[in-house]
Number of protein chains: 2
Amino acid sequence: MDYPITTVARLAGTTSRTLRHYADVGLLEPSRVGANGYRFYDAMALVRLQRILLLRSLGLPIPAIRALLDDDAAAPAAALRAHLDHLRGEQQRLDRQITAVLTTVEALERGEEPMPEKMFDGFDHARYREEVEERWGIDAYAHGDAWWRGRSDAEKDAFGREAAELGAGWIDAATRGVPPTDGGAQELAGRHVAWLSSVPGVPRDEDGELLPEYVRGLGAMYVQDPRFAVNYGGLGGAEFVRAALEAWLSRSGR
Amino acid sequence: MDYPITTVARLAGTTSRTLRHYADVGLLEPSRVGANGYRFYDAMALVRLQRILLLRSLGLPIPAIRALLDDDAAAPAAALRAHLDHLRGEQQRLDRQITAVLTTVEALERGEEPMPEKMFDGFDHARYREEVEERWGIDAYAHGDAWWRGRSDAEKDAFGREAAELGAGWIDAATRGVPPTDGGAQELAGRHVAWLSSVPGVPRDEDGELLPEYVRGLGAMYVQDPRFAVNYGGLGGAEFVRAALEAWLSRSGR
DNA sequence: CTTGACCTTTCCGCAGCGTCAATTCCTACT
DNA sequence: AGTAGGAATTGACGCTGCGGAAAGGTCAAG
């Protein structure tokens, strides 16, 4: 007792194309193939199909399903838990992406320029000040604009160039796969802080050192706001920068 | 002043292949192409690249980015809000999938059969009873097993056949795109309730009618548990069934 | 015998690049 | 000038899970 392909497809709520595909990838063979090449499926095949469709509705990839169904020693619960971890990872990624889109949309609707204007800048001036002041409540850049306009073109260029070099260095370090505590990354962190420190008006302690809170706040901002993250190769790069800055702070006695 | 492709890729935290791909799909053309075919990018191209990478890091598809950057009349905020809706939809889908995987994993670890055993059944007996009792606290199937074992093979077959026909009908209705309040769907709902009602031991009121709470609970269970949803073509089908049952209940005076 | 429904295989398409492969180009060193 | 080596180029295939179209067999009914 077996049934032709369309009947099976209707019964199981899928398509004949899918059934052929499953046969192609060795996931579900028809129980019988007529002399004319027609495929037929019996009860056992239907049970297997139900299982396949269940697992696919849970999002498992086809090779995982094959392993689960074919390997007698396979532990379904363990496989599903692993899949669950993967799904949770996706969920977190989505969450972060949503907040990133949201901050960008809100900035846009406040009338801010959402995208970098100055090449190699990585340090868009007005934007930077507004963000820092609004979000972190720090009176940085009180005289920022005046300072910037007071620089010579060569000085502006040098500042921008260092920004670009830092960006490229961070991107390189982040994609090389070394930990943020790595020597190279820590050197970058030092340079980054020095670069920040070259700006007058940023918040400092009595010794003239940047406030660690300020550096931490910037790190958080790099991660949260894609308009900054883009300067470090995207979200992953920004997270690397934040971690490296954090490590640098704790290593240099906060 | 322009830069070769690898330099630009490193600066922007991407790859030369990606830049070529963007040129292929008309998203970012190099500002200059040497006589030898080499690509070079100037400051304007870099700015555009930064914007592209920012938008991609937000998850926007390439055609949307092209529309945003090329169409002067495009409203970036609106596009991003639309994208946000899409992301939220994905998030909800993920949430539901995660709970589905979780219920399956938990059932598995309680030692239950996670997958359908009886073809055309859609009504696995022991499972059904356990689920209903455990989850909905209803003393259904008090005599269920005895009743089932007492049936003749022909009766079992008829019961299973009706289950299969209902399943196929639901799948068909759900994929046809009609609303759950549609006449055909409502007729299915009626048949479904009658089918459920043919089982002794299910909870009823004084008139012998199924308790609406019981029907509602089953509808919720079809949606939440993929082991049931699979009988209705997956999550979407199960949601259709739940909605149709709900509508049927309210139309038949609760 | 023809129609029409259902079946077959085969191949392109999709999103966004990664990853060869084969080839050419530029720079630097001898 | 020759040559090695690094960097660039253009194809073209691969991946995921099928959808869909083309071109053609099969089968029951009229």
# chains A, B, ... in the order shown; residues from 1 in each chain; ligands from 1

$ residues_around --residues "Leu55 in chain B" --least-positions-apart "4" --cutoff "9 Å" --atoms "only C-alpha atoms (C1' of nucleotides)" --output "number ranges by chain"
A: 101, 226; B: 50-51, 59-62, 65

$ interface_residues --of "chain B" --to "chain D" --cutoff "10 Å" --atoms "only C-alpha atoms (C1' of nucleotides)" --output "ChimeraX atom specification"
/B:4-6,16,36-39

$ closest_atom_pairs --of "chain B" --to "chain A" --cutoff "8 Å" --atoms "only C-alpha atoms" --output "JSON lines"
{"residue": "B:Arg10", "atom": "CA", "partner": "A:Ala168", "partner_atom": "CA", "distance": 6.2}
{"residue": "B:Leu11", "atom": "CA", "partner": "A:Ala168", "partner_atom": "CA", "distance": 4.9}
{"residue": "B:Ala12", "atom": "CA", "partner": "A:Gly233", "partner_atom": "CA", "distance": 6.3}
{"residue": "B:Gly13", "atom": "CA", "partner": "A:Gly233", "partner_atom": "CA", "distance": 4.4}
{"residue": "B:Thr14", "atom": "CA", "partner": "A:Gly233", "partner_atom": "CA", "distance": 7.1}
{"residue": "B:Ala43", "atom": "CA", "partner": "A:Met119", "partner_atom": "CA", "distance": 6.0}
{"residue": "B:Met44", "atom": "CA", "partner": "A:Met119", "partner_atom": "CA", "distance": 7.8}
{"residue": "B:Leu46", "atom": "CA", "partner": "A:Met119", "partner_atom": "CA", "distance": 6.5}
{"residue": "B:Val47", "atom": "CA", "partner": "A:Met119", "partner_atom": "CA", "distance": 5.8}
{"residue": "B:Gln50", "atom": "CA", "partner": "A:Pro116", "partner_atom": "CA", "distance": 6.8}
{"residue": "B:Arg51", "atom": "CA", "partner": "A:Met115", "partner_atom": "CA", "distance": 5.7}
{"residue": "B:Leu53", "atom": "CA", "partner": "A:Val230", "partner_atom": "CA", "distance": 6.8}
{"residue": "B:Leu54", "atom": "CA", "partner": "A:Val230", "partner_atom": "CA", "distance": 5.6}
{"residue": "B:Ser57", "atom": "CA", "partner": "A:Gly234", "partner_atom": "CA", "distance": 6.3}
{"residue": "B:Leu58", "atom": "CA", "partner": "A:Val101", "partner_atom": "CA", "distance": 5.9}
{"residue": "B:Gly59", "atom": "CA", "partner": "A:Gln97", "partner_atom": "CA", "distance": 7.5}
{"residue": "B:Pro76", "atom": "CA", "partner": "A:Leu108", "partner_atom": "CA", "distance": 7.8}
{"residue": "B:Ala77", "atom": "CA", "partner": "A:Val105", "partner_atom": "CA", "distance": 5.6}
{"residue": "B:Leu80", "atom": "CA", "partner": "A:Val105", "partner_atom": "CA", "distance": 6.4}
{"residue": "B:Arg81", "atom": "CA", "partner": "A:Val105", "partner_atom": "CA", "distance": 7.1}
{"residue": "B:Leu84", "atom": "CA", "partner": "A:Ile98", "partner_atom": "CA", "distance": 6.7}
{"residue": "B:Leu87", "atom": "CA", "partner": "A:Ile98", "partner_atom": "CA", "distance": 6.7}
{"residue": "B:Arg88", "atom": "CA", "partner": "A:Ile98", "partner_atom": "CA", "distance": 7.6}
{"residue": "B:Gln91", "atom": "CA", "partner": "A:Leu94", "partner_atom": "CA", "distance": 6.7}
{"residue": "B:Leu94", "atom": "CA", "partner": "A:Gln91", "partner_atom": "CA", "distance": 6.7}
{"residue": "B:Asp95", "atom": "CA", "partner": "A:Gln91", "partner_atom": "CA", "distance": 7.8}
{"residue": "B:Gln97", "atom": "CA", "partner": "A:Leu58", "partner_atom": "CA", "distance": 6.0}
{"residue": "B:Ile98", "atom": "CA", "partner": "A:Leu84", "partner_atom": "CA", "distance": 6.7}
{"residue": "B:Ala100", "atom": "CA", "partner": "A:Leu58", "partner_atom": "CA", "distance": 6.8}
{"residue": "B:Val101", "atom": "CA", "partner": "A:Leu58", "partner_atom": "CA", "distance": 5.9}
{"residue": "B:Leu102", "atom": "CA", "partner": "A:Leu84", "partner_atom": "CA", "distance": 7.6}
{"residue": "B:Val105", "atom": "CA", "partner": "A:Ala77", "partner_atom": "CA", "distance": 5.6}
{"residue": "B:Leu108", "atom": "CA", "partner": "A:Ala77", "partner_atom": "CA", "distance": 6.2}
{"residue": "B:Glu109", "atom": "CA", "partner": "A:Ala77", "partner_atom": "CA", "distance": 6.6}
{"residue": "B:Met115", "atom": "CA", "partner": "A:Arg51", "partner_atom": "CA", "distance": 5.7}
{"residue": "B:Pro116", "atom": "CA", "partner": "A:Val47", "partner_atom": "CA", "distance": 6.5}
{"residue": "B:Glu117", "atom": "CA", "partner": "A:Val47", "partner_atom": "CA", "distance": 6.3}
{"residue": "B:Lys118", "atom": "CA", "partner": "A:Val47", "partner_atom": "CA", "distance": 7.1}
{"residue": "B:Met119", "atom": "CA", "partner": "A:Val47", "partner_atom": "CA", "distance": 5.8}
{"residue": "B:Ala164", "atom": "CA", "partner": "A:Leu11", "partner_atom": "CA", "distance": 7.4}
{"residue": "B:Gly167", "atom": "CA", "partner": "A:Leu11", "partner_atom": "CA", "distance": 7.2}
{"residue": "B:Ala168", "atom": "CA", "partner": "A:Leu11", "partner_atom": "CA", "distance": 5.1}
{"residue": "B:Ile171", "atom": "CA", "partner": "A:Gly13", "partner_atom": "CA", "distance": 5.7}
{"residue": "B:Asp172", "atom": "CA", "partner": "A:Arg10", "partner_atom": "CA", "distance": 7.5}
{"residue": "B:Pro226", "atom": "CA", "partner": "A:Leu54", "partner_atom": "CA", "distance": 6.3}
{"residue": "B:Arg227", "atom": "CA", "partner": "A:Leu54", "partner_atom": "CA", "distance": 6.7}
{"residue": "B:Val230", "atom": "CA", "partner": "A:Leu54", "partner_atom": "CA", "distance": 5.7}
{"residue": "B:Asn231", "atom": "CA", "partner": "A:Ala12", "partner_atom": "CA", "distance": 7.1}
{"residue": "B:Tyr232", "atom": "CA", "partner": "A:Gly13", "partner_atom": "CA", "distance": 7.0}
{"residue": "B:Gly233", "atom": "CA", "partner": "A:Gly13", "partner_atom": "CA", "distance": 4.4}
{"residue": "B:Gly234", "atom": "CA", "partner": "A:Ser57", "partner_atom": "CA", "distance": 6.4}
{"residue": "B:Leu235", "atom": "CA", "partner": "A:Ser57", "partner_atom": "CA", "distance": 7.3}

$ closest_residue --among "B:Pro200, B:Gly217, B:Gly34, B:Pro179" --to "chain C" --atoms "only C-alpha atoms (C1' of nucleotides)"
B:Gly34

$ closest_atom_pairs --of "chain C" --to "chain B" --cutoff "12 Å" --atoms "only C-alpha atoms (C1' of nucleotides)" --output "JSON lines"
{"residue": "C:DA15", "atom": "C1'", "partner": "B:Pro61", "partner_atom": "CA", "distance": 8.4}
{"residue": "C:DG16", "atom": "C1'", "partner": "B:His21", "partner_atom": "CA", "distance": 8.4}
{"residue": "C:DC17", "atom": "C1'", "partner": "B:Thr18", "partner_atom": "CA", "distance": 6.4}
{"residue": "C:DG18", "atom": "C1'", "partner": "B:Arg17", "partner_atom": "CA", "distance": 8.4}
{"residue": "C:DT19", "atom": "C1'", "partner": "B:Arg17", "partner_atom": "CA", "distance": 10.2}
{"residue": "C:DT24", "atom": "C1'", "partner": "B:Asn36", "partner_atom": "CA", "distance": 8.9}
{"residue": "C:DC25", "atom": "C1'", "partner": "B:Asn36", "partner_atom": "CA", "distance": 7.8}
{"residue": "C:DC26", "atom": "C1'", "partner": "B:Asn36", "partner_atom": "CA", "distance": 10.8}

$ residues_around --residues "Thr181 in chain A" --least-positions-apart "6" --cutoff "9 Å" --atoms "only C-alpha atoms (C1' of nucleotides)" --output "short mmCIF file (atom, residue, chain, number, x, y, z; two decimals) with C-alpha atoms, in the first residue's frame"
data_model
loop_
_atom_site.label_atom_id
_atom_site.label_comp_id
_atom_site.auth_asym_id
_atom_site.auth_seq_id
_atom_site.Cartn_x
_atom_site.Cartn_y
_atom_site.Cartn_z
CA ALA A 243 37.08 45.09 24.74
CA ALA A 244 40.62 46.25 23.97
CA ALA A 247 41.53 45.81 28.94
CA TRP A 248 43.84 48.74 28.42
#
